[in-house]
Every structure is written in structure tokens, then in C-alpha cells.
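This report refers to the structure that appears directly beneath it.
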Amino acid sequence: MFRIGHGYDVHKLVEGRKLILGGVEIPHVTGLLGHSDADVLVHAIMDAMLGALAMGDIGHLFPDNDDSFKDADSMKLMAEVCRRVRAEGWEIGNIDATVIAQAPKLAPHILQMRENIAKVCGCDVSQISVKATTEEHLGFTGEKLGMSAHAAALMYRK
């Protein structure tokens with residue numbers, strides 16, 4: 001049995017915050033604002049996995065009004081999502097994700113992001129695709145006001 005889910009997330013860029021994507025701290029003048037570390041890529045991936053299995057979303061599992069998740073490491077949250085998914089008998093077939101950001105250039109960091117995600121998810125790096133694109137200076141991402149990410153997850157039952 002196979003299930004497919006889609007995830008989307010968006011966070012505002014602000015000064016004074018670290019920019020963390022796929023568990024990689026990327027040097028940049030601004031970072032993403034959020035209750036946790038605001039890793040927009042990992043958030044979209046978690047929502048894709050949860051959505052595929054009709055298990056809610058990260059806002060339900062890790063609410064932003066719960067101080068225990070304040071400044072949480074999104075990779076640790078993803079480990080919990082993977083634990084819950086596996087407890088229900090599901091595995092990751094593959095994940096395909098795209099980060100939308102005008103700057104900085106993400107290509108030098110993508111392999112490390114893929115490796116980090118694969119390690120936490122307990123799968124092979126070949127099952128994790130991360131891409132990055134700009135929006136040619138259009139919209140909030142093009143104006144460098146924020147970043148967004150889309151992810152699709154194919155889940156299967158063993």
C-alpha cells in the first residue's frame with residue numbers, strides 16, 4: 001500500500017536569527033522567524049509525511065503555544081514524526097522537496113541537507129531529494145522577506 005502527501009511551510013526572514021535549513025546552519029545576514037528553529041524545509045517534509053497518512057500536521061503535534069517547543073531543533077521534531085510514522089507501520093519511499101529563496105545560494109549545502117534528513121529519517125540519501133529555486137525577485141520570497149518550501153512524500157506499508 002502506498003500513500004502520497006504534500007507539505008508546505010513559510011517563514012519570515014529577520015535579523016538576529018540563525019538560518020537553518022535541512023539541519024544545516026547557513027551563514028546569512030537574516031534567519032527564519034518561528035517558534036522553533038523555523039527550518040522551513042524540515043517543516044514541509046514533516047507535513048508531507050503526516051499528510052500522506054492523515055496524521056494531522058506539525059501545528060497539531062508541536063503547537064506554537066507550547067513552550068516546550070520554543071526554539072526546538074526541527075531535526076529532533078522530525079525524528080519524533082518518523083517514530084510515529086513507523087509505529088503505524090509506514091516507511092518512507094522517497095521525499096522530494098523544494099526550498100524557495102532568493103538568497104543565499106543553497107546549492108553548496110544541499111548534499112549536507114539530504115544527508116541530515118536521511119540520517120534522521122533512517123533511510124538512504126538516495127531517497128531524499130532537495131532542490132532550491134528563486135522566484136526571480138517576485139513575491140515575498142523574491143523580495144527576501146521570507147522563504148518557503150514544498151515537499152512531497154511517498155510512504156509505503158511494509
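Quick note on naming: the chains in the C-alpha cells go A, B, ... in the order shown, residues restart at 1 in each chain, and ligands are numbered from 1 in order of appearance.
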
Handout entry: Test item: residues at most 10 Å from Tyr156 of chain A, only C-alpha atoms, excluding those fewer than 5 positions along its chain, as a PyMOL selection string
Key = chain A and resi 1-4+52-53+89-94

Selection to disk with all heavy atoms, as a short mmCIF file (atom, residue, chain, number, x, y, z; two decimals), in the first residue's frame:
data_model
loop_
_atom_site.label_atom_id
_atom_site.label_comp_id
_atom_site.auth_asym_id
_atom_site.auth_seq_id
_atom_site.Cartn_x
_atom_site.Cartn_y
_atom_site.Cartn_z
N MET A 1 0.84 -1.18 0.00
CA MET A 1 0.00 0.00 0.00
C MET A 1 0.89 1.25 0.00
O MET A 1 1.87 1.31 0.74
CB MET A 1 -0.89 -0.02 1.23
CG MET A 1 -1.77 1.19 1.35
SD MET A 1 -2.84 1.07 2.80
CE MET A 1 -4.30 1.73 2.13
N PHE A 2 0.54 2.21 -0.83
CA PHE A 2 1.28 3.46 -0.95
C PHE A 2 0.38 4.63 -0.61
O PHE A 2 -0.82 4.60 -0.89
CB PHE A 2 1.81 3.65 -2.38
CG PHE A 2 2.85 2.65 -2.77
CD1 PHE A 2 2.49 1.48 -3.40
CD2 PHE A 2 4.18 2.89 -2.50
CE1 PHE A 2 3.45 0.56 -3.77
CE2 PHE A 2 5.15 1.98 -2.86
CZ PHE A 2 4.78 0.81 -3.50
N ARG A 3 0.97 5.68 -0.05
CA ARG A 3 0.25 6.93 0.23
C ARG A 3 1.18 8.09 -0.13
O ARG A 3 2.39 8.01 0.08
CB ARG A 3 -0.11 7.02 1.71
CG ARG A 3 -0.95 5.87 2.26
CD ARG A 3 -2.42 5.92 1.93
NE ARG A 3 -3.15 6.99 2.53
CZ ARG A 3 -3.74 6.93 3.73
NH1 ARG A 3 -3.65 5.83 4.46
NH2 ARG A 3 -4.41 7.96 4.19
N ILE A 4 0.61 9.16 -0.66
CA ILE A 4 1.38 10.34 -1.04
C ILE A 4 0.87 11.54 -0.26
O ILE A 4 -0.34 11.73 -0.11
CB ILE A 4 1.24 10.62 -2.55
CG1 ILE A 4 1.80 9.46 -3.35
CG2 ILE A 4 1.95 11.92 -2.92
CD1 ILE A 4 1.50 9.55 -4.84
N ALA A 52 0.38 12.40 4.22
CA ALA A 52 0.21 11.15 3.48
C ALA A 52 -0.57 10.13 4.28
O ALA A 52 -1.32 9.32 3.73
CB ALA A 52 1.57 10.58 3.08
N LEU A 53 -0.42 10.19 5.59
CA LEU A 53 -1.03 9.18 6.46
C LEU A 53 -2.21 9.71 7.25
O LEU A 53 -2.71 9.04 8.16
CB LEU A 53 0.05 8.64 7.41
CG LEU A 53 1.30 8.14 6.68
CD1 LEU A 53 2.36 7.71 7.67
CD2 LEU A 53 0.98 7.03 5.71
N GLY A 89 3.41 1.49 11.15
CA GLY A 89 3.75 0.50 10.12
C GLY A 89 4.15 1.07 8.77
O GLY A 89 4.19 0.34 7.78
N TRP A 90 4.52 2.36 8.71
CA TRP A 90 4.84 3.01 7.45
C TRP A 90 6.33 3.30 7.34
O TRP A 90 7.01 3.52 8.32
CB TRP A 90 4.06 4.31 7.31
CG TRP A 90 2.59 4.09 7.20
CD1 TRP A 90 1.68 4.07 8.23
CD2 TRP A 90 1.86 3.83 6.01
NE1 TRP A 90 0.43 3.81 7.73
CE2 TRP A 90 0.51 3.66 6.37
CE3 TRP A 90 2.20 3.71 4.67
CZ2 TRP A 90 -0.49 3.40 5.44
CZ3 TRP A 90 1.21 3.46 3.74
CH2 TRP A 90 -0.12 3.31 4.13
N GLU A 91 6.81 3.33 6.11
CA GLU A 91 8.19 3.67 5.78
C GLU A 91 8.20 4.73 4.69
O GLU A 91 7.22 4.88 3.95
CB GLU A 91 8.96 2.44 5.29
CG GLU A 91 9.15 1.35 6.33
CD GLU A 91 10.09 1.74 7.45
OE1 GLU A 91 10.97 2.60 7.24
OE2 GLU A 91 9.95 1.19 8.55
N ILE A 92 9.32 5.42 4.56
CA ILE A 92 9.48 6.43 3.52
C ILE A 92 9.92 5.74 2.23
O ILE A 92 10.92 5.02 2.22
CB ILE A 92 10.53 7.48 3.93
CG1 ILE A 92 10.05 8.25 5.15
CG2 ILE A 92 10.87 8.41 2.77
CD1 ILE A 92 11.12 9.09 5.81
N GLY A 93 9.16 5.97 1.17
CA GLY A 93 9.60 5.54 -0.16
C GLY A 93 10.59 6.55 -0.70
O GLY A 93 11.72 6.23 -1.02
N ASN A 94 10.15 7.80 -0.78
CA ASN A 94 11.04 8.90 -1.13
C ASN A 94 10.40 10.22 -0.74
O ASN A 94 9.18 10.30 -0.53
CB ASN A 94 11.42 8.90 -2.62
CG ASN A 94 10.29 9.34 -3.51
OD1 ASN A 94 9.26 8.68 -3.58
ND2 ASN A 94 10.46 10.47 -4.17
#

Practice task
Can you pull out every residue within 9 Å of Gly22 of chain A, counting only C-alpha atoms, but drop anything in the same chain fewer than 2 positions away, and send it as a list in words?
Solution key: Ile20, Val24, Glu25, Asp39, Val40, Leu41, Val42, Ser74, Met75, His109, Ile110, Gln112, Met113, Arg114, Glu115, Asn116, Ile117 and Val130 of chain A

Take the residues that were just selected and, keeping C-alpha atoms, output them as a compact mmCIF listing (two decimals), in the first residue's frame.
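After the write, again-v7.txt holds the following:
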# COMPACT_ATOMS: atom_id res chain seq x y z
CA ILE A 20 18.79 26.68 9.44
CA VAL A 24 22.37 22.94 8.27
CA GLU A 25 23.25 26.33 9.71
CA ASP A 39 13.59 25.11 9.50
CA VAL A 40 11.10 25.65 6.68
CA LEU A 41 12.42 22.67 4.69
CA VAL A 42 12.09 20.16 7.50
CA SER A 74 13.36 20.71 13.90
CA MET A 75 15.52 17.66 13.23
CA HIS A 109 24.57 23.00 1.26
CA ILE A 110 22.10 20.65 -0.42
CA GLN A 112 24.52 18.01 3.66
CA MET A 113 20.79 18.74 3.99
CA ARG A 114 19.95 15.49 2.20
CA GLU A 115 22.37 13.53 4.38
CA ASN A 116 20.99 15.08 7.58
CA ILE A 117 17.39 14.33 6.61
CA VAL A 130 16.23 18.64 -2.02

Practice task
From a DSSP pass on the backbone, collect the residues of segment 9-156 of chain A flagged as strand (DSSP E) and hand them back as a PyMOL selection string.
Solution key: chain A and resi 9-14+19-21+24-26+31-32+90-100+128-133+146-156

Exercise for the section: Could you check which of A:Met155, A:Ala38, A:Leu21, A:Val120 is closest to Ala72 of chain A, using only C-alpha atoms? Expected result: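 Closest candidate: A:Ala38.
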
Exercise for the section: Pick out the residues sitting within 10 Å of Lys105 of chain A, and hand them over as a PyMOL selection string; count only C-alpha atoms, and ignore anything fewer than 6 positions along from it in its own chain. Expected result: chain A and resi 26+28+132-134

Practice task
Could you check how far atom CA of Asp47 of chain A sits from atom CA of Gly5 of chain A, in Å to one decimal?
Solution key: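 So the answer is 7.8 Å.
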
Practice task
Within 9 Å of Gly7 of chain A, counting only C-alpha atoms, which residues show up once you throw out same-chain ones fewer than 4 positions away? Write them as a PyMOL selection string, please.
Solution key: chain A and resi 43-51+57+97+149-153

Handout entry: Picked from segment 10-119 of chain A by DSSP as helix (DSSP H, G or I), as an NGL selection string
Key = :A and (40-52 or 58-61 or 67-69 or 74-87 or 107-119)

Handout entry: Nearby residues (only C-alpha atoms) at most 7 Å from segment 30-34 of chain A, same-chain spacing under 4 positions excluded, as a ChimeraX atom specification
Key = /A:11-19,38

Produce a file of the selected residues containing N, CA, C and O atoms, as an mmCIF file, in the first residue's frame.
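part28.cif was written with the following content:
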data_model
loop_
_atom_site.group_PDB
_atom_site.id
_atom_site.type_symbol
_atom_site.label_atom_id
_atom_site.label_comp_id
_atom_site.auth_asym_id
_atom_site.auth_seq_id
_atom_site.Cartn_x
_atom_site.Cartn_y
_atom_site.Cartn_z
ATOM 1 N N HIS A 11 8.214 30.884 6.320
ATOM 2 C CA HIS A 11 8.660 31.650 7.487
ATOM 3 C C HIS A 11 9.248 32.973 7.016
ATOM 4 O O HIS A 11 9.859 33.062 5.942
ATOM 5 N N LYS A 12 9.079 33.972 7.841
ATOM 6 C CA LYS A 12 9.589 35.308 7.588
ATOM 7 C C LYS A 12 11.085 35.367 7.891
ATOM 8 O O LYS A 12 11.560 34.735 8.839
ATOM 9 N N LEU A 13 11.840 36.117 7.089
ATOM 10 C CA LEU A 13 13.257 36.360 7.335
ATOM 11 C C LEU A 13 13.424 37.603 8.210
ATOM 12 O O LEU A 13 12.787 38.636 7.954
ATOM 13 N N VAL A 14 14.252 37.482 9.241
ATOM 14 C CA VAL A 14 14.504 38.596 10.161
ATOM 15 C C VAL A 14 15.978 38.612 10.550
ATOM 16 O O VAL A 14 16.671 37.600 10.480
ATOM 17 N N GLU A 15 16.442 39.743 10.997
ATOM 18 C CA GLU A 15 17.807 39.844 11.526
ATOM 19 C C GLU A 15 17.837 39.250 12.930
ATOM 20 O O GLU A 15 16.818 39.219 13.631
ATOM 21 N N GLY A 16 19.005 38.756 13.317
ATOM 22 C CA GLY A 16 19.177 38.247 14.666
ATOM 23 C C GLY A 16 18.771 36.801 14.869
ATOM 24 O O GLY A 16 18.719 36.339 16.011
ATOM 25 N N ARG A 17 18.458 36.092 13.792
ATOM 26 C CA ARG A 17 18.115 34.666 13.881
ATOM 27 C C ARG A 17 19.068 33.883 12.982
ATOM 28 O O ARG A 17 19.512 34.375 11.945
ATOM 29 N N LYS A 18 19.350 32.641 13.380
ATOM 30 C CA LYS A 18 20.151 31.753 12.544
ATOM 31 C C LYS A 18 19.295 31.257 11.389
ATOM 32 O O LYS A 18 18.091 31.067 11.545
ATOM 33 N N LEU A 19 19.935 31.035 10.252
ATOM 34 C CA LEU A 19 19.267 30.434 9.102
ATOM 35 C C LEU A 19 19.606 28.948 9.102
ATOM 36 O O LEU A 19 20.755 28.565 8.879
ATOM 37 N N ALA A 38 12.585 27.176 13.076
ATOM 38 C CA ALA A 38 11.971 27.662 11.829
ATOM 39 C C ALA A 38 12.585 27.054 10.568
ATOM 40 O O ALA A 38 12.638 27.699 9.530
#

Practice task
Using atom CA of His60 of chain A and atom CA of Leu77 of chain A as the two end points, give the distance in Å to one decimal.
Solution key: 12.3 Å

Problem - Among listed residues A:Gln127, A:Gln102, A:Thr141, A:Ser36, nearest Lys70 of chain A (using only C-alpha atoms) - result: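 Ranking A:Gln127, A:Gln102, A:Thr141, A:Ser36 by distance to Lys70 of chain A, first place goes to A:Ser36.
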